[in-house]
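Student: Structure file entry_34.cif, mmCIF, C-alpha atoms, is pasted below:
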```cif
data_query
#
loop_
_atom_site.label_atom_id
_atom_site.label_comp_id
_atom_site.auth_asym_id
_atom_site.auth_seq_id
_atom_site.Cartn_x
_atom_site.Cartn_y
_atom_site.Cartn_z
CA MET A 5 84.94 -197.34 -194.55
CA ALA A 6 88.70 -197.72 -194.95
CA ALA A 7 88.58 -195.98 -198.30
CA THR A 8 86.86 -193.03 -196.66
CA ILE A 9 89.24 -192.84 -193.73
CA CYS A 10 92.48 -192.91 -195.74
CA PRO A 11 92.03 -189.48 -197.43
CA MET A 12 91.27 -188.07 -193.98
CA LEU A 13 94.53 -189.44 -192.64
CA HIS A 14 96.37 -187.99 -195.61
CA ARG A 15 95.02 -184.54 -194.72
CA VAL A 16 96.14 -184.87 -191.10
CA ARG A 17 99.60 -186.17 -192.11
CA CYS A 18 100.10 -183.24 -194.50
CA PHE A 19 99.00 -180.85 -191.77
CA LEU A 20 101.37 -182.39 -189.23
CA VAL A 21 104.31 -182.24 -191.64
CA TYR A 22 103.48 -178.59 -192.27
CA LYS A 23 103.40 -177.91 -188.51
CA GLN A 24 106.72 -179.66 -188.02
CA CYS A 25 108.32 -177.53 -190.74
CA LEU A 26 107.02 -174.36 -189.13
CA HIS A 27 108.36 -175.51 -185.77
CA LEU A 28 111.79 -176.33 -187.22
CA ARG A 29 111.96 -172.88 -188.75
CA TYR A 30 110.94 -171.31 -185.44
CA SER A 31 113.43 -173.40 -183.48
CA ILE A 32 116.38 -172.36 -185.67
CA GLY A 33 115.41 -168.70 -185.28
CA ARG A 34 115.37 -169.14 -181.48
CA ASP A 35 118.71 -170.97 -181.47
CA TYR A 36 117.18 -174.27 -180.33
CA SER A 37 118.64 -177.56 -181.43
CA CYS A 38 117.63 -178.34 -185.01
CA ARG A 39 117.44 -182.03 -184.10
CA SER A 40 114.57 -181.44 -181.66
CA ARG A 41 111.16 -182.15 -183.19
CA SER A 42 109.30 -181.54 -179.93
CA LEU A 43 107.26 -178.50 -179.04
CA TYR A 44 107.51 -179.03 -175.30
CA HIS A 45 109.76 -176.03 -174.80
CA ASN A 46 107.21 -173.75 -176.47
CA LYS A 47 104.51 -174.62 -173.91
CA PRO A 48 104.10 -173.49 -170.28
CA THR A 49 105.53 -175.83 -167.67
CA ILE A 50 103.74 -177.58 -164.80
CA SER A 51 104.89 -174.88 -162.39
CA HIS A 52 103.45 -172.21 -164.70
CA TYR A 53 99.99 -173.80 -164.65
CA SER A 54 100.04 -174.33 -160.89
CA SER A 55 100.17 -170.57 -160.44
CA PHE A 56 96.50 -170.29 -161.43
CA ARG A 57 95.27 -173.86 -160.85
CA PRO A 58 94.51 -174.54 -157.15
CA PHE A 59 95.08 -178.28 -157.17
CA HIS A 60 96.92 -181.03 -159.05
CA PRO A 61 94.55 -184.04 -159.22
CA LEU A 62 97.21 -186.50 -160.36
CA GLY A 63 100.24 -185.11 -158.55
CA GLU A 64 100.76 -188.28 -156.51
CA TYR A 65 101.10 -190.28 -159.73
CA THR A 66 102.94 -187.93 -162.09
CA GLY A 67 104.75 -185.41 -159.90
CA SER A 68 106.09 -182.65 -162.16
CA LYS A 69 106.08 -184.85 -165.27
CA ARG A 70 103.87 -183.61 -168.06
CA LEU A 71 101.56 -186.07 -169.85
CA LEU A 72 99.65 -185.23 -173.00
CA VAL A 73 96.80 -187.31 -174.46
CA LEU A 74 94.68 -187.01 -177.60
CA GLY A 75 91.05 -187.94 -176.97
CA LEU A 76 88.61 -189.03 -179.70
CA GLU A 77 84.84 -189.23 -179.18
CA THR A 78 82.40 -190.65 -181.76
CA SER A 79 80.03 -192.75 -179.67
CA CYS A 80 76.83 -191.13 -180.94
CA ASP A 81 76.27 -187.94 -182.95
CA ASP A 82 79.15 -185.66 -181.93
CA THR A 83 82.64 -185.85 -183.41
CA GLY A 84 85.05 -184.62 -180.75
CA ALA A 85 88.82 -184.37 -180.39
CA ALA A 86 90.96 -182.75 -177.70
CA VAL A 87 94.52 -182.59 -176.45
CA VAL A 88 94.64 -182.52 -172.64
CA ASP A 89 97.46 -182.68 -170.08
CA ASN A 90 97.61 -184.15 -166.58
CA LEU A 91 96.79 -180.81 -164.96
CA GLY A 92 93.43 -180.82 -166.69
CA HIS A 93 94.57 -178.07 -169.03
CA VAL A 94 92.97 -178.27 -172.48
CA TRP A 95 95.65 -177.45 -175.03
CA GLY A 96 93.36 -177.75 -178.01
CA GLU A 97 89.88 -179.01 -178.79
CA ALA A 98 87.35 -179.22 -181.58
CA LEU A 99 83.81 -180.56 -181.91
CA HIS A 100 81.48 -181.12 -184.82
CA SER A 101 77.87 -181.46 -183.69
CA GLN A 102 75.26 -183.26 -185.76
CA THR A 103 72.39 -181.90 -183.65
CA SER A 104 70.81 -179.68 -186.31
CA THR A 105 70.87 -182.51 -188.87
CA HIS A 106 69.19 -185.00 -186.56
CA ILE A 107 66.63 -182.44 -185.37
CA GLU A 108 65.54 -182.03 -188.98
CA LEU A 109 65.40 -185.82 -189.42
CA GLY A 110 63.36 -186.30 -186.25
CA GLY A 111 65.99 -188.41 -184.51
CA ILE A 112 69.44 -189.98 -184.83
CA ILE A 113 69.79 -192.27 -187.86
CA PRO A 114 72.94 -194.42 -187.31
CA PRO A 115 74.11 -194.66 -190.97
CA ILE A 116 73.85 -190.89 -191.37
CA ALA A 117 75.66 -190.32 -188.07
CA GLN A 118 78.43 -192.66 -189.28
CA LYS A 119 78.77 -190.81 -192.58
CA LEU A 120 79.02 -187.44 -190.85
CA HIS A 121 81.70 -188.79 -188.47
CA GLN A 122 83.69 -190.03 -191.48
CA GLN A 123 83.39 -186.66 -193.20
CA HIS A 124 84.48 -184.57 -190.22
CA ILE A 125 86.82 -186.56 -187.98
CA ALA A 126 90.00 -185.58 -189.83
CA GLY A 127 89.10 -181.89 -189.76
CA VAL A 128 88.17 -182.03 -186.09
CA VAL A 129 91.50 -183.66 -185.14
CA GLU A 130 93.40 -181.21 -187.33
CA LYS A 131 91.70 -178.25 -185.65
CA ALA A 132 92.44 -179.60 -182.17
CA PHE A 133 96.15 -179.95 -182.94
CA GLU A 134 96.27 -176.56 -184.61
CA GLU A 135 94.85 -174.93 -181.48
CA ALA A 136 97.19 -176.96 -179.24
CA ASN A 137 100.24 -176.05 -181.34
CA VAL A 138 101.62 -179.59 -180.95
CA THR A 139 101.80 -182.63 -183.21
CA LEU A 140 100.91 -186.27 -182.75
CA GLU A 141 104.56 -186.96 -182.03
CA ASP A 142 104.21 -184.86 -178.88
CA VAL A 143 101.33 -186.78 -177.33
CA ASP A 144 101.95 -189.74 -175.04
CA ALA A 145 98.86 -191.75 -175.98
CA ILE A 146 95.58 -191.76 -177.90
CA ALA A 147 92.37 -192.32 -175.94
CA VAL A 148 89.26 -193.32 -177.89
CA THR A 149 85.70 -194.21 -176.91
CA VAL A 150 84.98 -197.86 -177.73
CA LYS A 151 81.86 -198.52 -175.61
CA PRO A 152 78.91 -198.14 -175.22
CA GLY A 153 77.27 -196.31 -178.12
CA LEU A 154 76.14 -196.64 -181.72
CA SER A 155 78.21 -199.37 -183.35
CA LEU A 156 78.58 -197.54 -186.66
CA SER A 157 79.71 -194.36 -184.92
CA LEU A 158 82.10 -196.07 -182.51
CA ALA A 159 83.74 -197.91 -185.42
CA VAL A 160 84.72 -194.63 -187.11
CA GLY A 161 86.57 -193.33 -184.06
CA LEU A 162 88.32 -196.61 -183.29
CA GLN A 163 89.50 -197.18 -186.86
CA TYR A 164 90.81 -193.65 -187.07
CA ALA A 165 92.62 -194.01 -183.73
CA LYS A 166 94.23 -197.26 -184.86
CA GLU A 167 95.49 -195.67 -188.07
CA LEU A 168 97.05 -192.78 -186.15
CA ALA A 169 98.53 -195.12 -183.54
CA LYS A 170 100.19 -197.27 -186.20
CA GLU A 171 101.47 -194.27 -188.12
CA TYR A 172 102.97 -192.51 -185.11
CA ARG A 173 103.61 -195.55 -182.88
CA LYS A 174 101.45 -194.37 -180.02
CA PRO A 175 99.62 -196.54 -177.46
CA ILE A 176 95.82 -196.60 -177.46
CA ILE A 177 93.73 -196.36 -174.31
CA PRO A 178 90.19 -197.72 -174.89
CA ILE A 179 87.60 -195.63 -173.05
CA HIS A 180 84.21 -196.48 -171.57
CA HIS A 181 81.91 -193.59 -172.47
CA MET A 182 80.11 -193.52 -169.11
CA GLU A 183 83.33 -193.74 -167.11
CA ALA A 184 84.60 -190.72 -169.01
CA HIS A 185 81.46 -188.75 -168.12
CA ALA A 186 81.80 -189.79 -164.48
CA LEU A 187 85.40 -188.62 -164.09
CA THR A 188 85.31 -185.40 -166.12
CA VAL A 189 84.48 -183.35 -163.03
CA ARG A 190 87.91 -184.22 -161.55
CA MET A 191 89.52 -182.00 -164.16
CA LYS A 192 88.09 -178.91 -162.51
CA GLN A 193 86.93 -179.84 -159.02
CA PRO A 194 88.66 -181.48 -156.00
CA VAL A 195 86.46 -184.58 -156.11
CA ASN A 196 88.06 -187.59 -154.44
CA PHE A 197 87.15 -191.26 -154.58
CA PRO A 198 84.72 -192.69 -153.67
CA PHE A 199 81.78 -190.60 -154.86
CA LEU A 200 78.22 -191.16 -156.05
CA VAL A 201 77.54 -190.31 -159.67
CA LEU A 202 74.30 -189.74 -161.56
CA LEU A 203 74.86 -190.03 -165.30
CA ALA A 204 71.84 -188.80 -167.22
CA SER A 205 71.84 -188.16 -170.96
CA GLY A 206 69.95 -188.89 -174.16
CA GLY A 207 71.13 -192.47 -174.20
CA HIS A 208 71.76 -193.38 -170.57
CA CYS A 209 70.58 -192.93 -167.01
CA LEU A 210 72.32 -194.64 -164.11
CA LEU A 211 73.44 -194.24 -160.52
CA ALA A 212 76.78 -195.66 -159.49
CA VAL A 213 79.53 -195.32 -156.93
CA SER A 214 82.89 -194.49 -158.44
CA LYS A 215 85.44 -196.26 -156.24
CA SER A 216 88.44 -195.53 -158.45
CA VAL A 217 89.33 -194.73 -162.04
CA ASN A 218 88.31 -198.18 -163.26
CA GLU A 219 86.15 -199.53 -160.44
CA PHE A 220 82.44 -198.77 -160.24
CA ALA A 221 79.44 -200.18 -158.36
CA LEU A 222 76.15 -199.86 -160.27
CA LEU A 223 73.18 -199.03 -158.01
CA GLY A 224 70.50 -198.35 -160.60
CA THR A 225 69.85 -197.90 -164.29
CA THR A 226 66.94 -197.05 -166.59
CA MET A 227 64.51 -199.82 -167.42
CA ASP A 228 63.38 -198.17 -170.67
CA ASN A 229 64.00 -194.68 -172.03
CA ALA A 230 66.77 -192.29 -171.02
CA PRO A 231 65.67 -188.87 -169.67
CA GLY A 232 67.37 -186.90 -172.42
CA ASP A 233 65.58 -189.00 -175.03
CA VAL A 234 62.20 -188.27 -173.41
CA PHE A 235 62.98 -184.55 -173.21
CA ASP A 236 63.74 -184.61 -176.95
CA LYS A 237 60.53 -186.50 -177.78
CA VAL A 238 58.38 -184.11 -175.76
CA ALA A 239 60.05 -181.14 -177.47
CA ARG A 240 59.31 -182.67 -180.88
CA SER A 241 55.68 -183.41 -179.98
CA LEU A 242 55.25 -179.80 -178.84
CA LYS A 243 57.01 -178.57 -182.02
CA LEU A 244 59.19 -176.30 -179.90
CA LYS A 245 61.71 -175.88 -182.73
CA ASN A 246 59.10 -173.65 -184.40
CA LEU A 247 59.65 -171.10 -181.64
CA PRO A 248 62.37 -168.60 -182.66
CA GLN A 249 64.16 -168.92 -179.31
CA CYS A 250 64.31 -172.72 -179.64
CA TYR A 251 65.19 -173.10 -183.31
CA ASP A 252 68.82 -174.15 -182.82
CA LEU A 253 68.50 -175.67 -179.35
CA SER A 254 68.37 -179.34 -178.43
CA GLY A 255 65.07 -180.76 -177.22
CA GLY A 256 66.17 -180.76 -173.58
CA ALA A 257 67.39 -177.17 -173.69
CA SER A 258 64.15 -176.10 -175.40
CA VAL A 259 61.97 -177.71 -172.73
CA GLU A 260 63.98 -176.06 -169.94
CA LEU A 261 63.80 -172.64 -171.62
CA VAL A 262 60.06 -172.76 -172.28
CA ALA A 263 59.34 -174.17 -168.80
CA LYS A 264 60.66 -170.99 -167.18
CA ASN A 265 57.40 -169.26 -168.12
CA GLY A 266 55.14 -172.14 -167.08
CA GLN A 267 53.28 -173.35 -164.00
CA PRO A 268 54.83 -176.64 -162.77
CA HIS A 269 51.57 -177.84 -161.18
CA ALA A 270 49.31 -177.21 -164.19
CA PHE A 271 49.54 -180.84 -165.36
CA GLU A 272 49.83 -183.90 -163.17
CA PHE A 273 52.58 -186.38 -163.87
CA PRO A 274 52.04 -189.27 -161.42
CA GLN A 275 55.20 -190.80 -160.02
CA VAL A 276 56.17 -194.26 -161.21
CA MET A 277 57.82 -197.23 -159.47
CA LEU A 278 56.82 -195.92 -156.04
CA GLN A 279 56.62 -199.47 -154.72
CA SER A 280 59.98 -200.51 -156.16
CA PRO A 281 62.64 -200.43 -153.39
CA ASP A 282 65.49 -199.92 -155.84
CA CYS A 283 67.39 -197.16 -157.64
CA ASN A 284 66.22 -198.04 -161.14
CA PHE A 285 64.55 -195.48 -163.40
CA SER A 286 61.63 -195.51 -165.81
CA PHE A 287 60.80 -192.57 -168.09
CA SER A 288 58.47 -194.14 -170.67
CA GLY A 289 55.42 -193.21 -168.55
CA PHE A 290 56.39 -189.54 -168.59
CA ASN A 291 56.67 -189.69 -172.35
CA SER A 292 53.26 -191.34 -172.76
CA MET A 293 51.56 -188.94 -170.37
CA ALA A 294 53.06 -185.89 -172.07
CA HIS A 295 51.92 -187.10 -175.50
CA ARG A 296 48.41 -187.70 -174.13
CA TYR A 297 48.21 -184.17 -172.72
CA ILE A 298 49.54 -182.69 -175.97
CA SER A 299 47.05 -184.59 -178.13
CA LEU A 300 44.12 -183.49 -175.96
CA ALA A 301 45.30 -179.86 -175.93
CA GLU A 302 45.75 -179.80 -179.71
CA LYS A 303 42.26 -181.17 -180.17
CA ASP A 304 40.67 -178.73 -177.70
CA GLN A 305 42.54 -175.76 -179.18
CA ASN A 306 42.03 -176.87 -182.79
CA ILE A 307 45.77 -176.78 -183.48
CA LYS A 308 46.75 -177.20 -187.13
CA GLY A 309 50.09 -177.71 -188.90
CA ASP A 310 53.10 -176.18 -187.17
CA ALA A 311 51.08 -174.24 -184.58
CA ILE A 312 51.92 -174.78 -180.90
CA ILE A 313 49.47 -175.25 -178.04
CA SER A 314 48.96 -172.13 -175.93
CA ASN A 315 49.87 -173.87 -172.66
CA ALA A 316 53.12 -175.42 -173.87
CA ALA A 317 55.05 -173.64 -171.12
CA ASP A 318 52.82 -175.16 -168.42
CA LEU A 319 53.26 -178.64 -169.86
CA CYS A 320 57.06 -178.25 -170.06
CA ALA A 321 57.24 -177.02 -166.46
CA SER A 322 54.99 -179.84 -165.18
CA PHE A 323 56.87 -182.50 -167.14
CA GLN A 324 60.20 -181.19 -165.86
CA LEU A 325 58.96 -181.29 -162.25
CA GLY A 326 57.79 -184.89 -162.71
CA VAL A 327 61.22 -185.94 -163.98
CA LEU A 328 62.89 -184.09 -161.09
CA LYS A 329 60.84 -185.98 -158.48
CA HIS A 330 61.71 -189.31 -160.10
CA LEU A 331 65.43 -188.55 -160.24
CA ALA A 332 65.49 -187.13 -156.71
CA LYS A 333 63.84 -190.19 -155.17
CA ARG A 334 66.50 -192.47 -156.66
CA VAL A 335 69.32 -190.18 -155.56
CA GLN A 336 67.84 -190.12 -152.06
CA ARG A 337 67.78 -193.92 -151.90
CA ALA A 338 71.29 -194.22 -153.33
CA LEU A 339 72.68 -191.84 -150.69
CA LEU A 340 71.08 -193.81 -147.88
CA PHE A 341 72.18 -197.17 -149.29
CA SER A 342 75.74 -195.94 -149.77
CA GLU A 343 75.81 -194.62 -146.22
CA ILE A 344 74.63 -197.80 -144.50
CA THR A 345 76.87 -200.02 -146.65
CA GLY A 346 79.94 -197.84 -146.29
CA LEU A 347 80.32 -197.31 -150.04
CA LEU A 348 80.87 -193.60 -149.47
CA GLY A 349 83.26 -192.00 -147.00
CA LYS A 350 82.47 -189.38 -144.38
CA GLU A 351 82.57 -186.63 -147.01
CA LYS A 352 79.66 -187.60 -149.23
CA THR A 353 79.75 -186.33 -152.79
CA LEU A 354 77.30 -186.57 -155.69
CA VAL A 355 78.52 -185.87 -159.21
CA VAL A 356 75.88 -185.23 -161.87
CA SER A 357 77.12 -185.54 -165.43
CA GLY A 358 75.80 -186.15 -168.93
CA GLY A 359 73.69 -183.84 -171.07
CA VAL A 360 70.82 -183.64 -168.58
CA ALA A 361 73.25 -182.07 -166.08
CA CYS A 362 73.02 -178.90 -168.17
CA ASN A 363 69.45 -178.45 -166.91
CA GLN A 364 69.81 -175.94 -164.09
CA PHE A 365 66.28 -176.51 -162.76
CA LEU A 366 67.13 -180.16 -162.13
CA ILE A 367 70.59 -179.42 -160.73
CA ASN A 368 69.45 -176.67 -158.34
CA ASN A 369 66.75 -178.89 -156.87
CA LEU A 370 68.97 -181.98 -156.65
CA ARG A 371 71.42 -179.82 -154.73
CA LYS A 372 68.69 -179.16 -152.15
CA VAL A 373 68.21 -182.92 -151.76
CA CYS A 374 71.94 -183.36 -151.22
CA GLU A 375 72.00 -180.63 -148.58
CA GLU A 376 69.46 -182.59 -146.52
CA TYR A 377 71.90 -185.51 -146.44
CA ASN A 378 75.10 -183.48 -145.87
CA CYS A 379 76.26 -184.25 -149.36
CA SER A 380 78.12 -181.97 -151.77
CA LEU A 381 77.02 -181.81 -155.39
CA TYR A 382 79.41 -181.16 -158.26
CA CYS A 383 78.84 -180.88 -162.00
CA PRO A 384 81.31 -180.48 -164.82
CA PRO A 385 81.01 -177.16 -166.69
CA PRO A 386 77.99 -177.29 -169.06
CA LYS A 387 80.35 -177.52 -172.04
CA LEU A 388 81.76 -180.77 -170.64
CA CYS A 389 78.42 -182.32 -169.70
CA THR A 390 77.61 -183.26 -173.28
CA ASP A 391 79.75 -185.60 -175.40
CA ASN A 392 83.19 -184.20 -176.22
CA GLY A 393 86.80 -185.20 -176.81
CA ILE A 394 87.98 -183.51 -173.61
CA MET A 395 86.35 -186.02 -171.29
CA VAL A 396 87.83 -188.91 -173.30
CA ALA A 397 91.30 -187.40 -173.20
CA TRP A 398 91.02 -186.80 -169.44
CA ASN A 399 89.93 -190.38 -168.81
CA GLY A 400 92.96 -191.43 -170.84
CA ILE A 401 95.16 -189.21 -168.66
CA GLU A 402 93.72 -190.74 -165.48
CA LYS A 403 94.57 -194.24 -166.73
CA LEU A 404 97.92 -193.38 -168.29
CA ALA A 405 99.11 -191.74 -165.06
CA ARG A 406 98.39 -194.99 -163.21
CA GLY A 407 99.66 -197.27 -165.98
CA ILE A 408 96.31 -199.04 -166.38
CA GLY A 409 93.93 -199.69 -169.28
CA ILE A 410 96.55 -199.35 -172.02
CA ALA A 411 95.91 -201.72 -174.93
CA LYS A 412 98.67 -204.26 -175.50
CA ASP A 413 97.48 -205.29 -178.98
CA LEU A 414 95.73 -202.78 -181.25
CA GLU A 415 94.08 -205.54 -183.25
CA GLN A 416 92.39 -206.90 -180.13
CA ILE A 417 90.53 -203.64 -179.40
CA GLU A 418 86.86 -203.97 -180.30
CA ILE A 419 83.79 -201.78 -180.00
CA GLN A 420 80.84 -202.70 -177.80
CA ALA A 421 77.40 -201.17 -178.42
CA LYS A 422 76.30 -202.20 -174.93
CA SER A 423 78.53 -202.32 -171.89
CA PRO A 424 77.48 -202.35 -168.21
CA LEU A 425 79.22 -200.03 -165.79
CA GLY A 426 81.07 -201.90 -163.05
CA GLU A 427 79.74 -204.38 -160.49
CA ASN A 428 75.94 -204.65 -160.50
CA LEU A 429 74.52 -203.99 -157.01
CA THR A 430 70.94 -203.21 -158.08
CA GLU A 431 69.57 -206.35 -156.42
CA GLU A 432 71.38 -205.57 -153.18
CA VAL A 433 69.71 -202.16 -153.10
CA SER A 434 66.28 -203.78 -153.41
CA LYS A 435 66.96 -206.26 -150.62
CA VAL A 436 67.58 -203.50 -148.07
CA LYS A 437 64.03 -202.10 -148.60
CA LEU A 438 64.85 -198.60 -147.45
CA LYS A 439 62.02 -196.34 -146.29
CA LEU A 440 62.32 -192.83 -147.64
CA GLU A 441 61.09 -189.55 -146.26
CA ARG A 442 58.96 -187.40 -148.51
CA LEU A 443 60.89 -184.81 -150.48
CA LYS A 444 59.54 -181.27 -150.83
CA PHE A 445 60.42 -178.83 -153.60
CA ASP A 446 59.74 -175.10 -153.49
CA VAL A 447 58.37 -174.79 -157.03
#
```
Could you spell out this file's structure in structure tokens?

Tutor:
Amino acid sequence: MAATICPMLHRVRCFLVYKQCLHLRYSIGRDYSCRSRSLYHNKPTISHYSSFRPFHPLGEYTGSKRLLVLGLETSCDDTGAAVVDNLGHVWGEALHSQTSTHIELGGIIPPIAQKLHQQHIAGVVEKAFEEANVTLEDVDAIAVTVKPGLSLSLAVGLQYAKELAKEYRKPIIPIHHMEAHALTVRMKQPVNFPFLVLLASGGHCLLAVSKSVNEFALLGTTMDNAPGDVFDKVARSLKLKNLPQCYDLSGGASVELVAKNGQPHAFEFPQVMLQSPDCNFSFSGFNSMAHRYISLAEKDQNIKGDAIISNAADLCASFQLGVLKHLAKRVQRALLFSEITGLLGKEKTLVVSGGVACNQFLINNLRKVCEEYNCSLYCPPPKLCTDNGIMVAWNGIEKLARGIGIAKDLEQIEIQAKSPLGENLTEEVSKVKLKLERLKFDV
């Protein structure tokens, strides 16, 4: 791997030298000091940004000081890099998605994902800095995802971050992927601690209370599949990519799009874990049931090759409603548990993040559940719900501003394929045995 990374670093170093030369030339023309190698004076100040940004999430920690962090994300199949400041302003970003490749392969293959990260990480970082019009010398730290995720993918990002940190003598801030998703919303919305967070993606599904930047209480997690993974599998079984409107969409986006023309009560998806008094999830049953319906429909309709069943829209809509009911029941229990245990303050807030948060059908109906419990619901912008370098950089900013989570020894930083989120309170939720009212959805 090292042999592959080194040429990438060479490209970035050449680019940075080129940028520094351009800056020096510009500085002389503007009568700035030739000894200054910083681009700070070429960027808007804190006061400039505050003119159009209604709040300063880290003002109590940084005041008017400007912090700048490079974020690197390679936990799964997206190579992301971004330069973000402590006002939540994105100076530059770039992302290389492997989605189309893995759709063709029928799923994510770790060695191929690793190879694609190695091929593109240098270019992604270079593009982010080019857009930001700063160099690595201008950033205060490098934040990189180290857990959880695919080991081979995580290793690419961490090794690259270490090389840059050594070259430019910058501190590294190791980032927990799920913590980054949880806190991204604070870039754009006035969300204060503590708050409830539902993280739902292709690799994870959990409910937790975010008490602070680095303190979480886990209320529930998936016992098998993640919802995004099941959405993708259902989309593949239905062969939705053969539809022109779904060709370049992810499985989850395809299911949501097709479901808009379907009847959500055409197929029955029985609810699971109804007798379990906890906040844990299980999506394997939805996957099995969907595959059973698809197989029967293909047989009845004599479907051959790449043809798609005529009632695919009905199945997508029914499947989506089943997933909604399962998610909503867990959110309902989490809100009640958090209220009686005092985990949440008077102003209750639910943050939904991760790729599944892009599904507007799910979000709109979860918002109705929150309204019944006097709870506000916030989501990051759809662009920030999926994996990206921006969320990693912002998590780095949150920690850097507080002086926490900064690695003291680069060689001691290690990747972790699996990593729990905070203190596990799942058993405590079960012990309370909360009785829930029936939820109704106007669909």

Student: Using only C-alpha atoms, can you tell me which of A:Lys403, A:Lys215, A:His100, A:Lys422 comes closest to Ile179 (chain A)?

Tutor: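 Among the listed residues, A:Lys403 lies closest to Ile179 (chain A).
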
Student: Could you check how far CA of Gln118 (chain A) sits from CA of Thr83 (chain A), in Å to one decimal?

Tutor: 9.9 Å

Student: So the first atom is CA of Gly326 (chain A) and the second is CA of Asp304 (chain A); what is the distance between them in Å, to one decimal place?

Tutor: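 A separation of 23.6 Å between them.
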
Student: Report the distance between CA of Pro268 (chain A) and CA of Glu108 (chain A) in Å, rounded to one decimal place.

Tutor: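 Spanning CA of Pro268 (chain A) to CA of Glu108 (chain A) is a straight-line distance of 28.8 Å.
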
Student: Name every residue that the PyMOL selection byres ((chain A and resi 98) around 9) selects in this structure, writing the answer as a list in words with chains first and numbers rising.

Tutor: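 Given this file, the PyMOL selection byres ((chain A and resi 98) around 9) evaluates to Thr83, Gly84, Ala85, Ala86, Gly96, Glu97, Leu99, His100, Gly127, Val128, Val129, Glu130, Lys131, Ala132, Phe133, Glu135, Asn392 and Gly393 of chain A.
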
Student: From the set A:Ile107, A:Ala361, A:Val217, A:Val433, which residue has the shortest atom-to-atom contact distance to Phe197 (chain A), counting only C-alpha atoms?

Tutor: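 Checking each of A:Ile107, A:Ala361, A:Val217, A:Val433 against Phe197 (chain A), counting only C-alpha atoms, the winner is A:Val217.
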
Student: How would you write, as a ChimeraX atom specification, the residues chosen by the PyMOL selection byres ((chain A and resi 390) around 9) on this structure?

Tutor: /A:185,205,357-362,386-389,391-392

Student: I'd like the neighbourhood of Asn378 (chain A) as a ChimeraX atom specification, where a residue qualifies if any of its atoms comes within 9 Å (using all atoms listed in the file), though same-chain residues fewer than 6 positions away should be ignored.

Tutor: /A:351-353

Student: Carefully work through the PyMOL selection byres ((chain A and resi 435) around 12) for this structure and note down the residues it includes, as a PyMOL selection string.

Tutor: chain A and resi 280-283+341+429-434+436-439

Student: Of the candidates A:His93, A:Arg240, A:Arg70, A:Lys174, which one gets nearest to Ile410 (chain A) if we count all atoms listed in the file?

Tutor: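 Under the stated criterion, the closest residue is A:Lys174.
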
Student: When you look at region 245-251 of chain A with a cut-off of 10 Å (counting all atoms listed in the file), what residues show up, excluding the ones that are within fewer than 6 positions of it in the same chain? I need them as an NGL selection string.

Tutor: :A and (104 or 107-108 or 239 or 257-259 or 261-262 or 310-312)

Student: Using all atoms listed in the file, determine which residues lie at most 10 Å from Gln324 (chain A), disregarding the query and same-chain residues fewer than 6 positions distant; provide the list as a ChimeraX atom specification.

Tutor: /A:235,256,259-260,263,268,273,290,318,363,365-366

Student: Name the closest residue to Ala332 (chain A) among the candidates A:Met293, A:Ile419, A:Leu440, A:Asn428; distances are taken between atoms, counting only C-alpha atoms.

Tutor: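 Looking at the shortest contact to Ala332 (chain A), the residue is A:Leu440.
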
Student: Taking all atoms of region 411-415 of chain A that the file lists, what box with edges along x, y and z, padded by 4 Å per side, do you get, with centre and edge lengths in Å to one decimal, as lines of an AutoDock Vina configuration file?

Tutor:
```
center_x = 96.4
center_y = -203.6
center_z = -179.1
size_x = 12.6
size_y = 11.8
size_z = 16.3
```
